[in-house]
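*Asks:* Quick one: this structure, given as structure tokens, is what I'll be asking you about.
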Amino acid sequence: MSIEINSLSKRFGHQKVLTDVCFQAKKGQILGFLGPNGAGKSTTMKIATGYLSPDAGDVLVNGISVNRHPKAISKLIGYLPEHNPLYPDLYIPEFLTFMGGLYQLRGTQLKERVKTVMEQCGLMPEKTKKIGQLSKGFRQRVGLAKSLVHDPEIIILDEPTSGLDPNQLLEIRKLIKSIGQDKTLIISTHIMQEVEAVCEKTVIIHKGKIVANELLHKLKSAHGEFTLLLQTEENLDPGWFEGLGFLNCEVKNTRSLLFTCTDPTGLKKSLMKQVQERNLSLSNLSQKENSLETIFYRLTKN
Amino acid sequence: MWRLFLKEVNAFFNHLTGYLILCVFLVSLGLIVWVFPGTSVLDYGYADLDPLFSYTPFVFIFLVPAVTMRMLAEEKKAGTWELLKTSPLRDHQIILAKYMAALVLIIFTLLPTLIYYFSVVQLGDPVGNIDSAGFFGSYIGLFLVGALFSSIGLFSSALTSNQVVAFVIAVFTCFLIHGGFGALAELQPGQVALILEELGVIYHYDQMGRGVIASNNLFYFVGMILSWLILTWMVVSKK
């Protein structure tokens, strides 16, 4: 099942939050929806789930419009809202049964689903606790379980891993990856490692506009710049390396320089040559892959 | 929809506040009806429950908003509103589920006062000498007043995510609808006064207290309740 976001626009009062936002996700794809705080990630997701209505544009789930049939669509979408709202007074199975009931699951089917998602999300050890007593990580799992309980085809998670410790983070990511195999998943986040760890496709939004919409590896090679770090025992003069075919040279300190280039192998060779000619003792020459972080930074800095 | 209804009723009885509200209601009415010298049925000498029926609407003005204030406001504040809105549940189902839960709670608070009725039946001379029609008319009237106040409470709870604000708006609106129109009518004698008086709760409630359930009174309550619920729906369905 696919989800298509078609030229959404939305304004809150005078502030234009979304301008012509378009992207789509296919089945089996985990889409990372990135953007700085306040870029319009959550607004887009709220529109996609039918919670807000857009000023222009539409969201199509398998060709059905969310604007026109929000309630028909709601059964196909599992949604974890930002801040993960829950009822603290309910026990975990009680809450999941309640939510499953709202999604029109009944009887044994409902029981089965609640049990399945509790196992899937590792909630069994905490099943006798009220949601209010749970730690943040477990609450996040309850939220995730809630968004899965009605077995939706499309899952939209708004910052599913915010506030988790590194172990929980790994587990939740593993879980997300396993879910994503046969569903369509959209994850919004501003944590780059997360996207690199789980996502196949990346959409970057900045000030309500899409600035990148590509498969992750294409996005990385499209912005193909690399950085080389040169460190020596002696003091370095950036002037020695002029004309070696780099884009930028940054002085980190007297003994190390940072080069940006498009052809790292060529530059490495010429740098080595310079080092030998000047009889310097090399302590480090390393290449850093252009991380998503730098791409993100470049696309969203102004 | 039943799930939400049951959850609401459960939420009320799983909380100390639910029992607190129930207790406050019963204790204050018990004091008025049986203990306080000015209003006590025992001192009064007649086998009726006038104090109960004249004071309960005033207690309801505070009690019902206390029950309904959290119903929508809390969901909005906690963000769980988003869970309900993105579920297949339609807006009117959410409102109806919550409203019916409020009605059940009102019935629960009123039920124990039936004991008063049986007590007064026993106290009559001869036993059973009581105007039962008037009594049950008033009871139905009380329920309708509670139902009307609930719809007002639900509406004000839809307006804000702050429970205190919801409570204050509801108390004030209930107060105006209950006594305000009657008071206005007194200020403005003539044809307008009649219309104003008929807009108020007291006018219809008093008529029911005579033991006659006339269609115009029922129509008044049902119409008012529906209008408030529709207003609530309009507020809630805005995206």
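In the structure tokens, the first chain shown is A, the next is B, and so on; residue numbers restart at 1 for each chain, and ligands run from 1 in the order shown.
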Using only C-alpha atoms, find the residues of chain B whose closest atom to chain A is at most 10 Å away, then write them as a PyMOL selection string.

*Replies:* chain B and resi 1-4+6-7+10-11+14-15+75-90+238-239

*Asks:* Kindly export the residues of the current selection with C-alpha atoms, as a PDB file, in the first residue's frame.

*Replies:*
```pdb
ATOM      1  CA  MET B   1     -18.396   4.204  20.805  1.00  0.00           C
ATOM      2  CA  TRP B   2     -19.327   1.892  23.704  1.00  0.00           C
ATOM      3  CA  ARG B   3     -15.670   1.480  24.493  1.00  0.00           C
ATOM      4  CA  LEU B   4     -15.237   5.188  24.954  1.00  0.00           C
ATOM      5  CA  LEU B   6     -17.302   2.601  29.296  1.00  0.00           C
ATOM      6  CA  LYS B   7     -13.858   4.146  29.621  1.00  0.00           C
ATOM      7  CA  ASN B  10     -14.691   3.792  34.547  1.00  0.00           C
ATOM      8  CA  ALA B  11     -12.443   6.827  34.664  1.00  0.00           C
ATOM      9  CA  ASN B  14     -11.506   4.755  39.279  1.00  0.00           C
ATOM     10  CA  HIS B  15     -10.666   8.179  40.587  1.00  0.00           C
ATOM     11  CA  GLU B  75      -7.977  14.932  26.319  1.00  0.00           C
ATOM     12  CA  LYS B  76      -6.845  18.049  24.541  1.00  0.00           C
ATOM     13  CA  LYS B  77      -4.282  18.918  27.161  1.00  0.00           C
ATOM     14  CA  ALA B  78      -2.834  15.405  27.290  1.00  0.00           C
ATOM     15  CA  GLY B  79      -2.851  15.107  23.501  1.00  0.00           C
ATOM     16  CA  THR B  80      -4.968  11.946  23.644  1.00  0.00           C
ATOM     17  CA  TRP B  81      -7.497  13.955  21.695  1.00  0.00           C
ATOM     18  CA  GLU B  82      -5.309  13.255  18.695  1.00  0.00           C
ATOM     19  CA  LEU B  83      -5.677   9.514  19.314  1.00  0.00           C
ATOM     20  CA  LEU B  84      -9.453   9.805  19.303  1.00  0.00           C
ATOM     21  CA  LYS B  85      -9.591  12.127  16.313  1.00  0.00           C
ATOM     22  CA  THR B  86      -7.362   9.934  14.179  1.00  0.00           C
ATOM     23  CA  SER B  87      -9.326   6.799  15.088  1.00  0.00           C
ATOM     24  CA  PRO B  88     -12.317   5.684  13.016  1.00  0.00           C
ATOM     25  CA  LEU B  89     -14.565   7.207  15.681  1.00  0.00           C
ATOM     26  CA  ARG B  90     -16.562  10.121  14.302  1.00  0.00           C
ATOM     27  CA  LYS B 238     -13.147  22.238  13.419  1.00  0.00           C
ATOM     28  CA  LYS B 239      -9.743  21.183  12.128  1.00  0.00           C
TER      29      LYS B 239
END
```

*Asks:* Residues within 12 Å of Gly18 of chain B, please, as a PyMOL selection string. Count only C-alpha atoms; anything in the same chain fewer than 3 positions from it doesn't count.

*Replies:* chain B and resi 8-15+21-25+63-64+66-68+70+102+105-106+108-109

*Asks:* With N, CA and C atoms retained, could you export that selection as a CSV table (one decimal), in the first residue's frame?

*Replies:*
```
chain,number,residue,atom,x,y,z
B,8,GLU,N,-15.1,6.2,29.9
B,8,GLU,CA,-15.4,7.5,30.7
B,8,GLU,C,-16.0,7.2,32.0
B,9,VAL,N,-17.0,6.2,32.0
B,9,VAL,CA,-17.6,5.9,33.3
B,9,VAL,C,-16.6,5.3,34.3
B,10,ASN,N,-15.7,4.4,33.7
B,10,ASN,CA,-14.7,3.8,34.5
B,10,ASN,C,-13.8,4.8,35.1
B,11,ALA,N,-13.4,5.8,34.2
B,11,ALA,CA,-12.4,6.8,34.7
B,11,ALA,C,-13.0,7.6,35.9
B,12,PHE,N,-14.3,7.8,35.8
B,12,PHE,CA,-15.0,8.5,36.9
B,12,PHE,C,-14.9,7.7,38.2
B,13,PHE,N,-15.2,6.4,38.1
B,13,PHE,CA,-15.2,5.6,39.4
B,13,PHE,C,-13.8,5.1,39.8
B,14,ASN,N,-12.8,5.2,38.9
B,14,ASN,CA,-11.5,4.8,39.3
B,14,ASN,C,-10.8,5.9,40.0
B,15,HIS,N,-11.3,7.0,40.0
B,15,HIS,CA,-10.7,8.2,40.6
B,15,HIS,C,-11.3,8.6,41.9
B,21,ILE,N,-16.9,13.8,44.5
B,21,ILE,CA,-18.1,14.6,43.9
B,21,ILE,C,-19.4,14.0,44.4
B,22,LEU,N,-19.5,12.6,44.3
B,22,LEU,CA,-20.7,11.9,44.8
B,22,LEU,C,-21.0,12.3,46.2
B,23,CYS,N,-19.9,12.1,47.1
B,23,CYS,CA,-20.1,12.3,48.5
B,23,CYS,C,-20.5,13.8,48.8
B,24,VAL,N,-19.8,14.7,48.2
B,24,VAL,CA,-20.1,16.1,48.4
B,24,VAL,C,-21.6,16.4,48.1
B,25,PHE,N,-22.0,15.8,47.0
B,25,PHE,CA,-23.4,16.0,46.6
B,25,PHE,C,-24.4,15.4,47.6
B,63,LEU,N,-21.9,21.0,40.6
B,63,LEU,CA,-21.5,19.6,40.5
B,63,LEU,C,-21.3,19.1,39.1
B,64,VAL,N,-22.3,19.4,38.2
B,64,VAL,CA,-22.2,18.9,36.8
B,64,VAL,C,-21.0,19.4,36.1
B,66,ALA,N,-18.2,20.2,37.3
B,66,ALA,CA,-17.1,19.5,37.9
B,66,ALA,C,-16.9,18.1,37.3
B,67,VAL,N,-18.0,17.5,36.9
B,67,VAL,CA,-17.9,16.2,36.3
B,67,VAL,C,-17.5,16.3,34.8
B,68,THR,N,-18.1,17.3,34.1
B,68,THR,CA,-17.8,17.4,32.7
B,68,THR,C,-16.6,18.2,32.3
B,70,ARG,N,-13.5,17.9,32.7
B,70,ARG,CA,-12.3,17.2,32.2
B,70,ARG,C,-12.5,16.5,30.9
B,102,ALA,N,-21.7,11.2,31.1
B,102,ALA,CA,-22.1,12.2,32.0
B,102,ALA,C,-23.5,11.9,32.6
B,105,LEU,N,-23.6,9.3,35.1
B,105,LEU,CA,-23.1,9.7,36.4
B,105,LEU,C,-24.1,10.5,37.1
B,106,ILE,N,-24.9,11.3,36.4
B,106,ILE,CA,-26.0,12.1,37.0
B,106,ILE,C,-27.0,11.1,37.6
B,108,PHE,N,-26.4,8.2,38.7
B,108,PHE,CA,-25.8,7.6,39.8
B,108,PHE,C,-25.9,8.5,41.0
B,109,THR,N,-25.7,9.8,40.8
B,109,THR,CA,-25.8,10.7,41.9
B,109,THR,C,-27.2,10.9,42.4
```

*Asks:* Counting only C-alpha atoms, what is within 10 Å of Asp165 of chain A, bar same-chain residues fewer than 5 positions away, as a PyMOL selection string?

*Replies:* chain A and resi 136-137+170

*Asks:* Write out as a ChimeraX atom specification all residues of segment 79-222 of chain B that backbone DSSP assigns to alpha helix (DSSP H).

*Replies:* /B:80-85,91-110,114-123,132-159,163-175,181-187,191-199,201-209,215-222

*Asks:* Rounded to one decimal, what separation in Å do you get between atom CA of Gly124 of chain B and atom CA of Tyr46 of chain B?

*Replies:* 7.8 Å

*Asks:* Can you work out which one of B:Leu196, B:Val121, B:Met224, B:Val168 has the shortest atom-to-atom distance to Phe62 of chain B, counting only C-alpha atoms?

*Replies:* B:Val168

*Asks:* Do you know which residues are at most 9 Å from Met71 of chain B counting only C-alpha atoms, after dropping those on the same chain fewer than 5 positions away, and could you put them as a list in words?

*Replies:*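 The neighbour list is Glu8, Lys98, Tyr99, Ala102, Gly153, Leu154, Ser157, Ala158 and Gln163 of chain B.
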
*Asks:* Can those selected residues be exported to a file as a compact mmCIF listing (two decimals), in the first residue's frame so that it contains N, CA and C atoms?

*Replies:*
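Output (selection_18.txt):
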```txt
# COMPACT_ATOMS: atom_id res chain seq x y z
N GLU B 8 -15.06 6.22 29.95
CA GLU B 8 -15.39 7.46 30.66
C GLU B 8 -16.01 7.15 32.02
N LYS B 98 -19.25 10.61 25.44
CA LYS B 98 -18.91 11.38 26.64
C LYS B 98 -20.17 11.90 27.31
N TYR B 99 -21.11 12.34 26.50
CA TYR B 99 -22.34 12.89 27.05
C TYR B 99 -23.13 11.81 27.80
N ALA B 102 -21.73 11.17 31.08
CA ALA B 102 -22.12 12.21 32.04
C ALA B 102 -23.53 11.93 32.56
N GLY B 153 -21.82 21.81 30.08
CA GLY B 153 -20.48 21.49 30.59
C GLY B 153 -19.58 20.92 29.51
N LEU B 154 -20.17 20.05 28.70
CA LEU B 154 -19.41 19.42 27.63
C LEU B 154 -18.99 20.47 26.60
N SER B 157 -16.20 22.47 27.95
CA SER B 157 -14.99 21.65 27.98
C SER B 157 -14.37 21.55 26.58
N ALA B 158 -15.22 21.68 25.56
CA ALA B 158 -14.71 21.62 24.18
C ALA B 158 -14.00 22.92 23.81
N GLN B 163 -8.98 22.86 32.31
CA GLN B 163 -10.16 22.39 33.03
C GLN B 163 -10.80 23.46 33.88
```

*Asks:* Pick the closest to Gln109 of chain A from A:Lys27, A:Lys183, A:His150, A:Arg298: which is it, counting only C-alpha atoms?

*Replies:*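 Residue with the minimum atom-to-atom distance to Gln109 of chain A: A:His150.
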